[in-house]
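Take a look at the structure below.
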Number of protein chains: 2
Amino acid sequence: MGIRIGIAGYGNLGRGVECAVQKNPDMELVALFTRRDPKSVYTKTNVPVYSVSQAPDFQNQIDVLIICGGSANDLPEQTPYFAQYFNVIDSFDTHAKIPEHFERVDGVCKANQHVGIISVGWDPGLFSLNRMFGQAVLPEGKDYTFWGKGVSQGHSDAIRRIPGVLDARQYTIPVEEALSRVRAGENPELTTRQKHTRECFVVAEAGADLNTIETAIKTMPNYFADYDTTVHFISQEELDRDHKGIPHGGMVFRSGVTGMAGAEHRHIIEYRLQLDSNPEFTSSVLTCYARAAYRLSKDGQCGCMTVLDIPPVLLHPESPAELRKKLL
Amino acid sequence: MGIRIGIAGYGNLGRGVECAVQKNPDMELVALFTRRDPKSVYTKTNVPVYSVSQAPDFQNQIDVLIICGGSANDLPEQTPYFAQYFNVIDSFDTHAKIPEHFERVDGVCKANQHVGIISVGWDPGLFSLNRMFGQAVLPEGKDYTFWGKGVSQGHSDAIRRIPGVLDARQYTIPVEEALSRVRAGENPELTTRQKHTRECFVVAEAGADLNTIETAIKTMPNYFADYDTTVHFISQEELDRDHKGIPHGGMVFRSGVTGMAGAEHRHIIEYRLQLDSNPEFTSSVLTCYARAAYRLSKDGQCGCMTVLDIPPVLLHPESPAELRKKLL
């Protein structure tokens, strides 16, 4: 029998985990928990669906619960709650509140002898790991993070709230010139505007004043005012046809020097993701960290951890000896 | 007092560690051990130099010894020897012999309560880690590793052994078309010839038959015969002026899919290094893993490990709580 996985929450992320478990032959999906009426949920794989209230009954049937709620409202409550009963993984990504979330999950995990791995995904997650490795290897240097080309749900939502807008999709795009300068080792100081542009595809109500909408977008504080923003008005059909996907990605750079003062050498580390589906990729990261949680728990460990704490070997299905032979 | 570092061996790698320790304020370099006459060794930082035979006397003055010998002849003997007395780090890179080296170092480390981290650097090392993360996150996919543009010492040496050759420098260069196809998600099958080209700068003896030398290079089995190779004959002055550096680098890709069959999404992870000095960068990796060895040893652990086993957080000078706040 494989590692028994449960999923809490069945949005994009939950569906992604459902798929990811299928690609990991040492795992099996045991149950899906939802706040909706379980009978109303149609899954891709016929995994049994239960109400979240039934989750505690599954304590002995699930090795790791992957919590697929949102960071704003769900995870701050759900992760500590479920950590009473299960080893848990979440993708909590409200950067400023991670320390506080960590402490709460740590307390519950330790009291119940469970492992919790929080803030798993690509940023926070794989990008955090690369910032860590880059700084450790090149203590004298500069970090750069770029996002995109990809869809920002937050920015798309912000546009949809403007009067006269029916639907919208916003892409965050790294500026090629900035990337070239970083890759060339120039270590530039870059403003917000120099790093990313924003491109918006907007469906307006019939008769709406397009200039007013465009101005409302381009001058919106925090979201758009500090960026060069392009607005395209298109039909709902075009939006549905050409902008349905949820691609994303980005790059983490560490640009630093080694050697004695006066005879230094420059090095550039670049970590780049090109993702056709942001939620499915995030789910795949969550799923391989479930393997680590399972192994750590079997090993008698407990408490809250992040990707920074996890020995990489625990993520891979093969044995350490096999991996030394094949990957080193 | 910081982490007390010793260096065994003072070639390019040893000099690189000497510099790297200076960039890590929580470390101090205590001693350098050499097989040469210590009086004949001039260091960059005035670190005291001793004969390797004196190393055992320093057992209580050194927290981690970074062994900077060669993989072919030095490390198979040196790492197990020094592991009797110290926590040790090496850069053993003879891929096929890593399991055997691991077992030997593990035995000595466990018998003497020391931590040994072997095969540290970028390949094996950071590239191995990226192959591991890539496979774990995207179980359905393909790995690609490209090297260069960079100097291959082994290939340069092979050219120098040809009669009539005085000096030579060989660059390994990834083929742009192959990189583009991988980055575009084509998952191509690539032959050796399609992945890399080789460019050689050769200084010939006066009167040597250049055609004979060029043919000898291009047809050399294992080293050149399977590649498209370009040979340039230049003067020793030109070689010294334009090809003194030891740059290297490369890329590790994981190209894979997620989602249900028939509705899959493609993802490409790229890890890229551009290194102006191969030995100094490798030394910087060795040095930050010394921090991990120190912390693991303080924590009561012992035995042989590789980069795959080390929790990333142990590499960074700052505290886990601080890192969660800043890097996640």
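Residue numbering restarts at 1 for every chain of the structure tokens, chains are lettered A, B, ... in their displayed order, and ligands are numbered from 1 as they appear.
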
Please provide the set of residues having any atom within 12 Å of Gly207 of chain B, restricted to only C-alpha atoms, with same-chain residues fewer than 3 positions apart removed, written as an MDAnalysis selection string. chainID B and resid 163:165 203:204 210:213

request  = Using only C-alpha atoms, determine which residues of chain B fall within 6 Å of chain A; present them as a PyMOL selection string.
outcome  = chain B and resi 19+124+128+136-137+259-260+265-276+284-285+288+308-313+315-316+327-328

Got time to write the residues from that selection, C-alpha atoms, as an mmCIF file, in the first residue's frame?
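Result file again.cif:
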```
data_model
loop_
_atom_site.group_PDB
_atom_site.id
_atom_site.type_symbol
_atom_site.label_atom_id
_atom_site.label_comp_id
_atom_site.auth_asym_id
_atom_site.auth_seq_id
_atom_site.Cartn_x
_atom_site.Cartn_y
_atom_site.Cartn_z
ATOM 1 C CA CYS B 19 38.811 33.330 -0.416
ATOM 2 C CA PRO B 124 27.875 16.745 -8.719
ATOM 3 C CA SER B 128 22.264 16.959 -8.687
ATOM 4 C CA ALA B 136 10.187 14.869 -7.595
ATOM 5 C CA VAL B 137 7.937 17.744 -8.693
ATOM 6 C CA GLY B 259 -2.915 17.053 -15.321
ATOM 7 C CA MET B 260 -5.200 14.358 -16.596
ATOM 8 C CA HIS B 265 -0.102 21.056 -19.147
ATOM 9 C CA ARG B 266 3.613 21.411 -19.806
ATOM 10 C CA HIS B 267 6.141 22.887 -17.407
ATOM 11 C CA ILE B 268 9.818 23.647 -17.813
ATOM 12 C CA ILE B 269 12.215 24.094 -14.924
ATOM 13 C CA GLU B 270 15.621 25.499 -15.839
ATOM 14 C CA TYR B 271 18.591 25.885 -13.534
ATOM 15 C CA ARG B 272 21.461 27.777 -15.100
ATOM 16 C CA LEU B 273 24.962 28.636 -13.934
ATOM 17 C CA GLN B 274 27.286 31.156 -15.600
ATOM 18 C CA LEU B 275 30.590 30.966 -13.768
ATOM 19 C CA ASP B 276 33.596 33.165 -14.413
ATOM 20 C CA SER B 284 32.121 28.566 -2.460
ATOM 21 C CA VAL B 285 29.726 25.618 -2.534
ATOM 22 C CA CYS B 288 28.717 26.736 2.709
ATOM 23 C CA LEU B 308 20.765 15.414 -1.303
ATOM 24 C CA ASP B 309 20.605 14.754 2.435
ATOM 25 C CA ILE B 310 21.241 18.243 3.802
ATOM 26 C CA PRO B 311 18.326 20.448 4.937
ATOM 27 C CA PRO B 312 18.904 23.667 2.960
ATOM 28 C CA VAL B 313 18.421 25.859 6.039
ATOM 29 C CA LEU B 315 23.677 26.211 4.661
ATOM 30 C CA HIS B 316 22.729 29.774 5.495
ATOM 31 C CA LEU B 327 13.102 34.191 2.022
ATOM 32 C CA LEU B 328 9.737 32.447 1.983
#
```

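The shortest atom-to-atom distance to Thr79 of chain B, with only C-alpha atoms taken into account, belongs to B:Phe92 out of B:Phe233, B:Tyr294, B:Phe224, B:Phe92.
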
A straight line from atom CA of Phe33 of chain A to atom CA of Cys302 of chain A spans 23.6 Å

(request) Compile the contact shell of Tyr171 of chain A as an MDAnalysis selection string: residues with an atom at most 8 Å away, counting only C-alpha atoms, same-chain residues fewer than 6 positions apart removed. (result) chainID A and resid 148:152 198:200

Can I get the selected residues back with N, CA, C and O atoms, as an mmCIF file, in the first residue's frame?
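Below is the file again34.cif, written as the result:
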```
data_model
loop_
_atom_site.group_PDB
_atom_site.id
_atom_site.type_symbol
_atom_site.label_atom_id
_atom_site.label_comp_id
_atom_site.auth_asym_id
_atom_site.auth_seq_id
_atom_site.Cartn_x
_atom_site.Cartn_y
_atom_site.Cartn_z
ATOM 1 N N GLY A 148 6.406 35.941 -14.140
ATOM 2 C CA GLY A 148 5.728 35.964 -15.430
ATOM 3 C C GLY A 148 6.584 35.358 -16.530
ATOM 4 O O GLY A 148 7.686 34.899 -16.264
ATOM 5 N N LYS A 149 6.076 35.401 -17.716
ATOM 6 C CA LYS A 149 4.776 35.873 -18.091
ATOM 7 C C LYS A 149 3.709 34.979 -17.489
ATOM 8 O O LYS A 149 3.744 33.749 -17.661
ATOM 9 N N GLY A 150 2.726 35.628 -16.820
ATOM 10 C CA GLY A 150 1.705 34.823 -16.213
ATOM 11 C C GLY A 150 0.514 35.626 -15.756
ATOM 12 O O GLY A 150 0.565 36.857 -15.653
ATOM 13 N N VAL A 151 -0.544 34.881 -15.465
ATOM 14 C CA VAL A 151 -1.800 35.494 -15.054
ATOM 15 C C VAL A 151 -1.765 35.786 -13.565
ATOM 16 O O VAL A 151 -1.475 34.897 -12.763
ATOM 17 N N SER A 152 -2.051 37.041 -13.200
ATOM 18 C CA SER A 152 -2.224 37.365 -11.795
ATOM 19 C C SER A 152 -3.714 37.431 -11.499
ATOM 20 O O SER A 152 -4.430 38.291 -12.024
ATOM 21 N N ARG A 198 2.523 45.320 -17.234
ATOM 22 C CA ARG A 198 1.237 44.647 -17.015
ATOM 23 C C ARG A 198 0.381 44.799 -18.263
ATOM 24 O O ARG A 198 0.273 45.902 -18.808
ATOM 25 N N GLU A 199 -0.183 43.684 -18.706
ATOM 26 C CA GLU A 199 -1.002 43.698 -19.908
ATOM 27 C C GLU A 199 -2.389 43.180 -19.528
ATOM 28 O O GLU A 199 -2.515 42.100 -18.942
ATOM 29 N N CYS A 200 -3.426 43.978 -19.910
ATOM 30 C CA CYS A 200 -4.772 43.652 -19.450
ATOM 31 C C CYS A 200 -5.693 43.411 -20.643
ATOM 32 O O CYS A 200 -5.701 44.207 -21.586
#
```

Hey, can you check how far atom CA of Pro48 of chain B sits from atom CA of Glu28 of chain B?
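The value is 12.1 Å.
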
Could you name the residues that touch segment 5-8 of chain B at 8 Å or less, counting only C-alpha atoms, but leaving out those on the same chain fewer than 4 positions away, as an mmCIF file with N, CA and C atoms, in the first residue's frame?
```cif
data_model
loop_
_atom_site.group_PDB
_atom_site.id
_atom_site.type_symbol
_atom_site.label_atom_id
_atom_site.label_comp_id
_atom_site.auth_asym_id
_atom_site.auth_seq_id
_atom_site.Cartn_x
_atom_site.Cartn_y
_atom_site.Cartn_z
ATOM 1 N N GLY B 14 41.711 24.871 -3.232
ATOM 2 C CA GLY B 14 42.128 25.321 -1.907
ATOM 3 C C GLY B 14 42.207 26.841 -1.829
ATOM 4 N N VAL B 17 38.704 28.173 -1.571
ATOM 5 C CA VAL B 17 38.133 28.070 -0.222
ATOM 6 C C VAL B 17 38.722 29.162 0.671
ATOM 7 N N GLU B 18 40.006 29.396 0.532
ATOM 8 C CA GLU B 18 40.653 30.455 1.318
ATOM 9 C C GLU B 18 39.911 31.792 1.120
ATOM 10 N N VAL B 21 36.061 31.606 2.587
ATOM 11 C CA VAL B 21 35.939 31.719 4.050
ATOM 12 C C VAL B 21 35.903 33.192 4.457
ATOM 13 N N MET B 27 32.824 32.336 9.887
ATOM 14 C CA MET B 27 33.871 31.318 9.766
ATOM 15 C C MET B 27 35.236 31.963 9.922
ATOM 16 N N GLU B 28 36.199 31.136 10.380
ATOM 17 C CA GLU B 28 37.587 31.610 10.344
ATOM 18 C C GLU B 28 38.477 30.474 9.884
ATOM 19 N N LEU B 29 39.498 30.846 9.129
ATOM 20 C CA LEU B 29 40.407 29.853 8.571
ATOM 21 C C LEU B 29 41.558 29.665 9.553
ATOM 22 N N VAL B 30 41.712 28.438 10.030
ATOM 23 C CA VAL B 30 42.660 28.162 11.104
ATOM 24 C C VAL B 30 43.987 27.639 10.572
ATOM 25 N N ALA B 31 43.922 26.770 9.582
ATOM 26 C CA ALA B 31 45.165 26.128 9.120
ATOM 27 C C ALA B 31 44.995 25.588 7.715
ATOM 28 N N LEU B 32 46.132 25.537 7.022
ATOM 29 C CA LEU B 32 46.193 24.964 5.688
ATOM 30 C C LEU B 32 47.210 23.830 5.757
ATOM 31 N N PHE B 33 46.826 22.668 5.221
ATOM 32 C CA PHE B 33 47.742 21.527 5.229
ATOM 33 C C PHE B 33 48.159 21.206 3.805
ATOM 34 N N THR B 34 49.458 20.983 3.621
ATOM 35 C CA THR B 34 49.971 20.735 2.278
ATOM 36 C C THR B 34 50.929 19.548 2.303
ATOM 37 N N VAL B 52 50.797 18.050 5.952
ATOM 38 C CA VAL B 52 49.630 17.174 6.191
ATOM 39 C C VAL B 52 49.864 16.242 7.357
ATOM 40 N N ILE B 62 39.989 22.493 14.856
ATOM 41 C CA ILE B 62 39.312 22.657 13.570
ATOM 42 C C ILE B 62 37.937 21.992 13.638
ATOM 43 N N ASP B 63 36.907 22.746 13.258
ATOM 44 C CA ASP B 63 35.557 22.174 13.265
ATOM 45 C C ASP B 63 35.271 21.378 11.991
ATOM 46 N N VAL B 64 35.714 21.899 10.855
ATOM 47 C CA VAL B 64 35.477 21.207 9.576
ATOM 48 C C VAL B 64 36.705 21.359 8.694
ATOM 49 N N LEU B 65 37.148 20.239 8.138
ATOM 50 C CA LEU B 65 38.267 20.265 7.196
ATOM 51 C C LEU B 65 37.718 20.132 5.775
ATOM 52 N N ILE B 66 38.047 21.093 4.928
ATOM 53 C CA ILE B 66 37.618 21.044 3.524
ATOM 54 C C ILE B 66 38.772 20.485 2.710
ATOM 55 N N ILE B 67 38.534 19.323 2.096
ATOM 56 C CA ILE B 67 39.615 18.598 1.425
ATOM 57 C C ILE B 67 39.597 18.971 -0.049
ATOM 58 N N CYS B 68 40.681 19.555 -0.503
ATOM 59 C CA CYS B 68 40.720 20.161 -1.842
ATOM 60 C C CYS B 68 41.633 19.407 -2.787
ATOM 61 N N GLY B 69 41.663 18.077 -2.672
ATOM 62 C CA GLY B 69 42.473 17.271 -3.581
ATOM 63 C C GLY B 69 41.702 16.892 -4.832
ATOM 64 N N ALA B 290 30.295 23.349 4.574
ATOM 65 C CA ALA B 290 31.037 23.193 5.833
ATOM 66 C C ALA B 290 30.197 23.693 7.007
#
```

Original post:
Do you know which residues are at most 7 Å from His155 of chain A counting only C-alpha atoms, after dropping those on the same chain fewer than 4 positions away, and could you put them as an NGL selection string?
Top reply: :A and (159 or 170 or 223)

Using the selection just defined, write its residues with N, CA, C and O atoms as a tab-separated table (two decimals), in the first residue's frame.
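Contents of out.tsv, freshly written:
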```
chain	number	residue	atom	x	y	z
A	159	ILE	N	-9.40	44.46	-11.68
A	159	ILE	CA	-9.99	45.08	-12.88
A	159	ILE	C	-11.50	44.79	-12.94
A	159	ILE	O	-12.30	45.67	-13.27
A	170	GLN	N	-5.36	39.65	-16.48
A	170	GLN	CA	-4.16	40.47	-16.42
A	170	GLN	C	-2.89	39.61	-16.45
A	170	GLN	O	-2.79	38.66	-15.67
A	223	TYR	N	-1.80	48.35	-7.50
A	223	TYR	CA	-1.95	47.34	-8.55
A	223	TYR	C	-1.30	47.74	-9.87
A	223	TYR	O	-0.64	46.93	-10.51
```

Could you check how far atom CA of Ala263 of chain B sits from atom CA of Asn187 of chain B, in Å to one decimal?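 For atom CA of Ala263 of chain B relative to atom CA of Asn187 of chain B, the distance reads 17.6 Å.
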
* Asked: If you run DSSP on this backbone, which residues of segment 43-250 of chain B come out as strand (DSSP E or B), and could you give them as number ranges by chain?
  -> B: 49-51, 64-67, 87-89, 115-117, 122, 125, 141-147, 150-151, 165-174, 196-204, 228-233, 246, 248-250

- request: Please run DSSP on the backbone and report, as an MDAnalysis selection string, all residues within segment 43-181 of chain B that come out as alpha helix (DSSP H).
  value: chainID B and resid 75:82 98:112 126:137 153:160 176:181

If you count only C-alpha atoms, the residue of B:Asn46, B:Ser297, B:Thr229, B:Ser53 closest to Thr197 of chain B turns out to be B:Thr229
